[in-house]
>>> print(open('target-v4.txt').read())   # compact mmCIF, C-alpha atoms
# COMPACT_ATOMS: atom_id res chain seq x y z
CA MET A 1 19.20 1.96 23.40
CA LYS A 2 18.46 1.64 19.66
CA THR A 3 21.56 1.39 17.51
CA VAL A 4 22.48 1.32 13.83
CA GLU A 5 22.96 -2.47 14.27
CA ASP A 6 19.23 -2.72 15.06
CA LEU A 7 18.47 -0.98 11.78
CA LYS A 8 20.66 -3.48 9.90
CA ARG A 9 18.79 -6.39 11.51
CA LEU A 10 15.49 -4.72 10.68
CA ARG A 11 16.57 -4.36 7.08
CA GLU A 12 17.33 -8.10 6.85
CA GLN A 13 13.88 -8.94 8.24
CA LEU A 14 12.09 -6.57 5.88
CA HIS A 15 14.13 -7.76 2.93
CA SER A 16 12.79 -11.29 3.29
CA GLN A 17 9.19 -10.08 3.42
CA VAL A 18 6.90 -9.31 0.49
CA ARG A 19 8.18 -6.94 -2.18
CA LEU A 20 7.69 -3.34 -1.22
CA ARG A 21 5.80 -0.97 -3.45
CA HIS A 22 7.85 1.98 -4.64
CA ASP A 23 5.41 4.22 -6.46
CA GLY A 24 1.73 4.57 -7.04
CA GLY A 25 1.19 5.11 -3.32
CA THR A 26 -0.68 7.91 -1.58
CA GLN A 27 1.16 11.20 -1.01
CA ILE A 28 0.75 13.06 2.28
CA ILE A 29 2.08 16.63 2.17
CA VAL A 30 2.42 18.98 5.16
CA GLY A 31 2.89 22.77 4.82
CA MET A 32 6.17 23.69 6.53
CA GLY A 33 6.61 27.39 5.85
CA THR A 34 7.15 29.68 8.84
CA CYS A 35 3.36 30.04 9.09
CA GLY A 36 2.82 26.27 9.08
CA ILE A 37 5.53 25.59 11.64
CA ALA A 38 4.24 28.34 13.95
CA ALA A 39 0.75 26.81 13.70
CA GLY A 40 2.00 23.34 14.68
CA ALA A 41 3.09 21.64 11.44
CA ARG A 42 5.78 19.55 13.14
CA GLU A 43 3.27 18.16 15.63
CA VAL A 44 0.91 17.32 12.74
CA MET A 45 3.79 15.67 10.87
CA THR A 46 4.70 13.65 13.98
CA ALA A 47 1.07 12.52 14.29
CA VAL A 48 1.12 11.47 10.60
CA LEU A 49 4.32 9.43 11.05
CA ASP A 50 2.99 7.82 14.24
CA GLU A 51 -0.23 6.87 12.47
CA ILE A 52 1.68 5.36 9.51
CA ALA A 53 3.69 3.29 11.99
CA LYS A 54 0.63 2.24 13.98
CA ARG A 55 -1.42 1.22 10.94
CA LYS A 56 1.59 -0.30 9.15
CA LEU A 57 0.96 1.68 5.96
CA SER A 58 3.81 0.76 3.63
CA ASP A 59 2.65 2.48 0.44
CA VAL A 60 2.50 6.14 1.46
CA VAL A 61 4.98 8.91 0.69
CA VAL A 62 5.37 11.85 3.10
CA ARG A 63 6.53 15.26 1.88
CA GLN A 64 6.92 18.76 3.21
CA THR A 65 6.21 21.94 1.27
CA GLY A 66 6.54 25.68 1.85
CA CYS A 67 4.04 28.50 2.22
CA ILE A 68 1.30 28.50 -0.43
CA GLY A 69 -0.28 31.78 0.73
CA MET A 70 -3.13 30.38 2.83
CA CYS A 71 -1.29 31.11 6.08
CA GLU A 72 -4.49 31.73 8.04
CA LYS A 73 -5.57 28.15 7.27
CA GLU A 74 -2.36 26.49 8.46
CA VAL A 75 -1.63 23.75 9.33
CA LEU A 76 -2.36 22.61 5.77
CA LEU A 77 -2.27 18.90 5.00
CA ASP A 78 -2.73 17.53 1.48
CA ILE A 79 -3.70 14.00 0.58
CA ALA A 80 -3.23 12.78 -3.00
CA ARG A 81 -4.39 9.24 -3.69
CA PRO A 82 -3.32 7.80 -7.05
CA GLY A 83 -5.71 8.89 -9.80
CA GLU A 84 -7.82 11.05 -7.47
CA PRO A 85 -7.95 14.85 -6.92
CA ARG A 86 -5.46 16.31 -4.44
CA ILE A 87 -7.39 17.36 -1.35
CA THR A 88 -6.19 20.15 0.95
CA TYR A 89 -7.24 20.03 4.59
CA GLY A 90 -6.95 23.22 6.67
CA THR A 91 -6.49 24.20 10.34
CA VAL A 92 -5.42 20.61 10.93
CA LYS A 93 -4.55 19.64 14.50
CA PRO A 94 -2.72 16.46 15.53
CA GLU A 95 -6.00 15.04 16.86
CA HIS A 96 -7.54 15.27 13.35
CA VAL A 97 -4.79 13.13 11.84
CA PRO A 98 -6.02 9.62 12.82
CA LYS A 99 -9.44 10.40 11.27
CA ILE A 100 -7.94 11.78 8.03
CA ILE A 101 -5.63 8.77 7.70
CA ALA A 102 -8.33 6.20 8.52
CA GLU A 103 -11.09 7.69 6.37
CA HIS A 104 -9.22 9.22 3.45
CA VAL A 105 -5.83 7.49 3.09
CA VAL A 106 -7.04 4.00 3.99
CA ASN A 107 -10.70 3.98 2.94
CA GLY A 108 -10.82 6.70 0.28
CA HIS A 109 -13.55 8.82 1.88
CA ILE A 110 -12.81 12.56 2.01
CA VAL A 111 -13.28 14.17 5.46
CA GLU A 112 -15.50 16.96 4.11
CA GLU A 113 -15.68 19.14 7.23
CA LEU A 114 -11.91 19.84 7.17
CA VAL A 115 -11.47 20.40 3.41
CA VAL A 116 -10.34 23.86 2.23
CA GLY A 117 -9.40 23.02 -1.35
CA LYS A 118 -9.49 20.45 -4.11
CA LEU A 119 -7.09 20.24 -7.03
CA GLU A 120 -8.40 18.27 -10.03
CA ARG A 121 -5.93 16.61 -12.35
CA MET B 1 7.68 29.70 17.96
CA HIS B 2 8.36 28.39 21.42
CA GLU B 3 11.28 26.06 20.64
CA LEU B 4 14.59 26.65 18.87
CA ALA B 5 14.03 23.24 17.23
CA LEU B 6 11.11 24.83 15.32
CA HIS B 7 13.35 27.66 14.09
CA VAL B 8 15.75 24.95 12.89
CA LEU B 9 12.94 23.35 10.88
CA ASP B 10 12.21 26.78 9.41
CA LEU B 11 15.86 27.33 8.41
CA VAL B 12 15.96 23.94 6.67
CA GLN B 13 12.76 24.80 4.77
CA ASN B 14 14.54 27.98 3.60
CA SER B 15 17.42 25.79 2.34
CA LEU B 16 14.97 23.53 0.50
CA GLU B 17 13.33 26.54 -1.14
CA ALA B 18 16.80 27.65 -2.24
CA GLN B 19 17.05 24.27 -4.07
CA ALA B 20 19.68 22.87 -1.70
CA THR B 21 20.53 19.18 -2.22
CA SER B 22 22.76 19.01 0.88
CA VAL B 23 22.12 20.49 4.32
CA TRP B 24 24.40 20.29 7.36
CA LEU B 25 22.85 21.05 10.73
CA GLU B 26 25.09 21.56 13.75
CA VAL B 27 23.90 22.19 17.28
CA SER B 28 26.60 22.83 19.83
CA GLU B 29 26.01 23.35 23.53
CA ASN B 30 29.26 24.58 25.02
CA THR B 31 28.71 24.70 28.77
CA ALA B 32 32.30 25.84 29.45
CA ALA B 33 31.89 28.95 27.29
CA ASP B 34 28.16 29.24 28.12
CA LEU B 35 27.22 29.31 24.44
CA LEU B 36 24.61 27.57 22.33
CA THR B 37 25.36 27.65 18.61
CA ILE B 38 22.99 26.54 15.86
CA ARG B 39 24.43 26.41 12.36
CA VAL B 40 22.66 25.46 9.14
CA MET B 41 24.80 25.18 6.01
CA ASP B 42 23.41 24.43 2.59
CA ASN B 43 24.48 24.25 -1.04
CA GLY B 44 21.41 26.12 -2.30
CA ARG B 45 21.37 29.01 -4.73
CA GLY B 46 22.60 31.52 -2.14
CA MET B 47 21.96 35.24 -1.93
CA ASP B 48 23.85 38.35 -2.98
CA LYS B 49 25.14 40.76 -0.31
CA GLN B 50 22.05 42.95 -0.42
CA ALA B 51 19.56 40.07 -0.11
CA ALA B 52 21.55 38.54 2.76
CA ALA B 53 21.65 41.90 4.56
CA ASN B 54 17.88 42.31 4.11
CA ALA B 55 17.01 38.75 5.17
CA THR B 56 16.41 39.66 8.82
CA ASP B 57 14.05 42.50 7.83
CA PRO B 58 10.47 41.20 8.16
CA PHE B 59 9.34 43.31 5.22
CA SER B 60 11.80 41.70 2.87
CA THR B 61 11.15 38.24 1.42
CA SER B 62 11.84 36.18 -1.69
CA ARG B 63 8.46 34.53 -1.46
CA THR B 64 5.78 35.43 -3.96
CA THR B 65 2.74 34.44 -1.90
CA ARG B 66 3.01 37.30 0.60
CA LYS B 67 4.96 40.50 1.24
CA VAL B 68 6.43 39.55 4.61
CA GLY B 69 8.93 36.89 5.68
CA LEU B 70 9.13 36.28 9.39
CA GLY B 71 11.35 33.22 9.80
CA LEU B 72 14.81 34.79 10.01
CA PRO B 73 13.65 38.03 11.72
CA LEU B 74 12.04 35.99 14.53
CA MET B 75 15.14 33.88 15.04
CA ASP B 76 17.34 36.99 14.95
CA MET B 77 15.11 38.46 17.67
CA THR B 78 15.34 35.40 19.94
CA ALA B 79 19.15 35.40 19.61
CA ARG B 80 19.45 39.12 20.46
CA GLN B 81 17.14 38.68 23.45
CA ALA B 82 19.51 36.00 24.79
CA ASP B 83 22.69 38.07 24.51
CA GLY B 84 23.49 36.51 21.13
CA TYR B 85 23.34 37.22 17.44
CA LEU B 86 22.43 35.75 14.07
CA THR B 87 24.73 35.92 11.06
CA ILE B 88 24.13 35.03 7.43
CA ASP B 89 27.04 34.17 5.18
CA SER B 90 25.88 33.58 1.64
CA LYS B 91 27.43 33.33 -1.79
CA PRO B 92 25.32 33.27 -4.94
CA GLY B 93 25.58 29.87 -6.59
CA LYS B 94 27.47 28.38 -3.63
CA GLY B 95 25.14 28.26 -0.66
CA THR B 96 24.26 29.83 2.65
CA ILE B 97 25.42 29.48 6.24
CA VAL B 98 23.09 30.75 8.94
CA GLU B 99 24.50 30.82 12.43
CA ALA B 100 22.56 31.70 15.56
CA VAL B 101 24.42 32.07 18.85
CA TYR B 102 22.77 32.26 22.28
CA ARG B 103 24.05 32.69 25.82
CA LEU B 104 23.26 29.16 27.06
CA SER B 105 22.29 30.22 30.60
CA HIS B 106 20.34 33.35 29.58
CA TRP B 107 16.84 33.70 31.08
CA ASP B 108 15.35 34.63 27.74
CA ARG B 109 16.93 31.86 25.70
CA PRO B 110 14.06 29.71 24.36
CA PRO B 111 14.43 25.99 25.10
CA LEU B 112 16.06 23.90 22.38
CA GLY B 113 12.92 21.77 22.35
CA ASN B 114 12.31 18.53 20.54
CA MET B 115 15.26 18.14 18.16
CA ALA B 116 14.43 14.45 17.63
CA ASP B 117 11.04 15.27 16.06
CA THR B 118 12.55 18.09 13.98
CA VAL B 119 15.29 15.82 12.64
CA ARG B 120 12.87 12.92 11.94
CA THR B 121 10.60 15.28 9.99
CA ILE B 122 13.51 16.55 7.87
CA ILE B 123 14.85 13.04 7.17
CA VAL B 124 11.53 11.37 6.36
CA ALA B 125 9.84 14.16 4.38
CA ASN B 126 12.88 14.84 2.16
CA PRO B 127 14.27 11.43 1.19
CA GLU B 128 16.45 12.77 -1.63
CA LEU B 129 18.05 15.46 0.54
CA ASP B 130 21.58 14.72 1.71
CA PHE B 131 21.12 15.73 5.35
CA HIS B 132 23.74 15.67 8.11
CA TYR B 133 22.95 16.33 11.76
CA SER B 134 25.51 16.75 14.47
CA HIS B 135 24.64 17.67 18.05
CA SER B 136 27.23 18.13 20.77
CA VAL B 137 26.83 18.81 24.47
CA GLY B 138 30.24 19.45 25.96
CA GLN B 139 32.44 16.59 24.76
CA THR B 140 29.56 14.25 23.88
CA VAL B 141 28.52 14.15 20.22
CA PHE B 142 25.64 12.49 18.38
CA SER B 143 25.56 12.57 14.61
CA VAL B 144 23.44 10.98 11.94
CA SER B 145 23.12 11.39 8.18
CA THR B 146 20.55 10.27 5.63
CA GLN B 147 23.43 8.85 3.61
CA GLU B 148 24.36 6.27 6.27
CA LEU B 149 20.70 5.35 6.84
CA LYS B 150 20.05 4.90 3.13
CA GLU B 151 23.17 2.77 2.70
CA ILE B 152 21.84 0.37 5.32
CA LEU B 153 18.23 0.41 4.10
CA GLY B 154 18.90 -0.04 0.39
CA GLU B 155 15.56 -0.07 -1.43
CA ILE B 156 13.49 0.05 1.77
CA PRO B 157 12.01 3.57 2.12
CA LEU B 158 12.53 5.72 5.22
CA THR B 159 8.74 5.91 5.54
CA HIS B 160 8.45 2.16 6.10
CA PRO B 161 6.40 1.80 9.34
CA ASP B 162 9.05 -0.29 11.12
CA VAL B 163 11.81 2.12 10.06
CA LEU B 164 9.79 5.07 11.43
CA VAL B 165 9.52 3.35 14.79
CA TRP B 166 13.25 2.60 14.86
CA LEU B 167 14.12 6.17 13.77
CA GLU B 168 11.94 7.74 16.47
CA SER B 169 13.58 5.71 19.26
CA TYR B 170 17.05 6.11 17.78
CA LEU B 171 16.82 9.91 17.63
CA LYS B 172 15.03 10.32 20.97
CA GLU B 173 17.39 8.03 22.90
CA ASN B 174 20.58 9.38 21.37
CA THR B 175 19.66 13.04 21.87
CA ALA B 176 18.56 12.31 25.47
CA ASN B 177 21.85 10.47 25.98
CA LEU B 178 23.72 13.72 25.27
CA TYR B 179 22.40 15.00 28.58
CA GLY B 180 23.71 12.04 30.51
CA GLY B 181 21.04 9.41 30.13
CA VAL B 182 17.70 8.42 28.76
CA GLN B 183 15.10 10.98 29.80
CA GLU B 184 11.43 10.28 30.61
>>> encode(input="target-v4.txt", output="structure tokens")
Amino acid sequence: MKTVEDLKRLREQLHSQVRLRHDGGTQIIVGMGTCGIAAGAREVMTAVLDEIAKRKLSDVVVRQTGCIGMCEKEVLLDIARPGEPRITYGTVKPEHVPKIIAEHVVNGHIVEELVVGKLER
Amino acid sequence: MHELALHVLDLVQNSLEAQATSVWLEVSENTAADLLTIRVMDNGRGMDKQAAANATDPFSTSRTTRKVGLGLPLMDMTARQADGYLTIDSKPGKGTIVEAVYRLSHWDRPPLGNMADTVRTIIVANPELDFHYSHSVGQTVFSVSTQELKEILGEIPLTHPDVLVWLESYLKENTANLYGGVQE
């Protein structure tokens, strides 16, 4: 069984590796209002975290947010890469997550067929 | 929502929207008394008496994006259906305590569901939240807090891939252990 001691050992290993980036990474935001949760937001979030672990992405930040009024399009998942517009994906299912992470987060190509909004900045 | 763990996620999102910086989540399965109690306590902005009394009315909400708020009314309904109740104790400027009580053995009590995934989501997606989780089944207790994890990790973020893998196993194994052994 995993213990807190394992986490301490892990910390020592990671500490000796390359410096970790703290900011400037990509933000991944999942809508977690009642509407989002009922539509499967936790399962989408779990898929995001599993994909981060699998692809060893160390410069992403994961956030949750509330209802933004597009309840019929939940689960909503936003990707904001540094210096690029924030893209909102709608009716996201866990099985869409590997594609969004691979194409958008890693390679910078927006997955057009799932986009419901774009926020310029 | 088919799991009580999803209602828990919903309650914590309410706390976050009330600008809470600390949230305590307690799940207690008391087999002797046949009661399941879920309690979420926060230090958010709180509600006055009227707002707290209206919170389980679906047509009352503090949100500005829509005119209905279904989170608390749905949880209130599941508790009543399982011979239980939901109470809200809130003080403006102090915080809110939501408590949902269920008859543990009741036919209509929804399953607790995947608490490990709910807790991992809360911990990872809200790194600056001071979050405490305590889950007891009879005399066996599992508890974890972001504070203890962050003290160990130092500058290493909770979203580090290796930390995510550790956290998933840690939460899954320890919650399964409450029921007498590793499930699956």
>>> interface_residues(input="target-v4.txt", of="chain B", to="chain A", cutoff="9 Å", atoms="all atoms listed in the file", output="MDAnalysis selection string")
chainID B and resid 1:2 6:7 9:10 13:14 16:17 63:66 69:71 117:118 120:122 124:127 149 152:157 159:167 169:171 173:174 182
>>> atom_distance(input="target-v4.txt", atom1="CA of Pro58 (chain B)", atom2="CA of Pro94 (chain A)")
29.0 Å
>>> atom_distance(input="target-v4.txt", atom1="CA of Glu95 (chain A)", atom2="CA of Met115 (chain B)")
21.5 Å
>>> atom_distance(input="target-v4.txt", atom1="CA of Pro92 (chain B)", atom2="CA of His135 (chain B)")
27.8 Å
>>> closest_residue(input="target-v4.txt", among="B:Gly46, B:Gly95, B:Gly113, B:Pro73", to="Ser22 (chain B)", atoms="only C-alpha atoms")
B:Gly95
>>> residues_around(input="target-v4.txt", residues="Lys94 (chain B)", least_positions_apart="3", cutoff="8 Å", atoms="only C-alpha atoms", output="CSV table (one decimal) with C-alpha atoms, in the coordinates of the input")
chain,number,residue,atom,x,y,z
B,43,ASN,CA,24.5,24.2,-1.0
B,44,GLY,CA,21.4,26.1,-2.3
B,45,ARG,CA,21.4,29.0,-4.7
B,46,GLY,CA,22.6,31.5,-2.1
B,90,SER,CA,25.9,33.6,1.6
B,91,LYS,CA,27.4,33.3,-1.8
>>> residues_around(input="target-v4.txt", residues="Ala79 (chain B)", least_positions_apart="4", cutoff="8 Å", atoms="only C-alpha atoms", output="PDB file with C-alpha atoms, in the frame of the given file")
ATOM      1  CA  MET B  75      15.140  33.880  15.040  1.00  0.00           C
ATOM      2  CA  ASP B  83      22.690  38.070  24.510  1.00  0.00           C
ATOM      3  CA  GLY B  84      23.490  36.510  21.130  1.00  0.00           C
ATOM      4  CA  TYR B  85      23.340  37.220  17.440  1.00  0.00           C
ATOM      5  CA  LEU B  86      22.430  35.750  14.070  1.00  0.00           C
ATOM      6  CA  ALA B 100      22.560  31.700  15.560  1.00  0.00           C
ATOM      7  CA  VAL B 101      24.420  32.070  18.850  1.00  0.00           C
ATOM      8  CA  TYR B 102      22.770  32.260  22.280  1.00  0.00           C
ATOM      9  CA  ARG B 109      16.930  31.860  25.700  1.00  0.00           C
TER      10      ARG B 109
END
>>> closest_residue(input="target-v4.txt", among="A:Arg86, A:Val105, A:Val92, A:Ala80", to="Lys118 (chain A)", atoms="all atoms listed in the file")
A:Arg86
>>> residues_around(input="target-v4.txt", residues="His96 (chain A)", least_positions_apart="3", cutoff="10 Å", atoms="all atoms listed in the file", output="PyMOL selection string")
chain A and resi 44+47-48+89+91-93+99-101+111+114
>>> residues_around(input="target-v4.txt", residues="region 29-36 of chain B", least_positions_apart="5", cutoff="7 Å", atoms="all atoms listed in the file", output="list in words")
Val101, Tyr102, Arg103, Leu104, Ser105, Ser136, Val137 and Gly138 of chain B
>>> residues_around(input="target-v4.txt", residues="Glu112 (chain A)", least_positions_apart="3", cutoff="12 Å", atoms="all atoms listed in the file", output="list in words")
Ile87, Thr88, Tyr89, Gly90, Lys99, Ile100, Glu103, His104, Gly108, His109, Val115, Val116, Gly117 and Lys118 of chain A
>>> closest_residue(input="target-v4.txt", among="B:Arg39, B:Lys172, B:Lys150, B:Lys49", to="Glu128 (chain B)", atoms="all atoms listed in the file")
B:Lys150
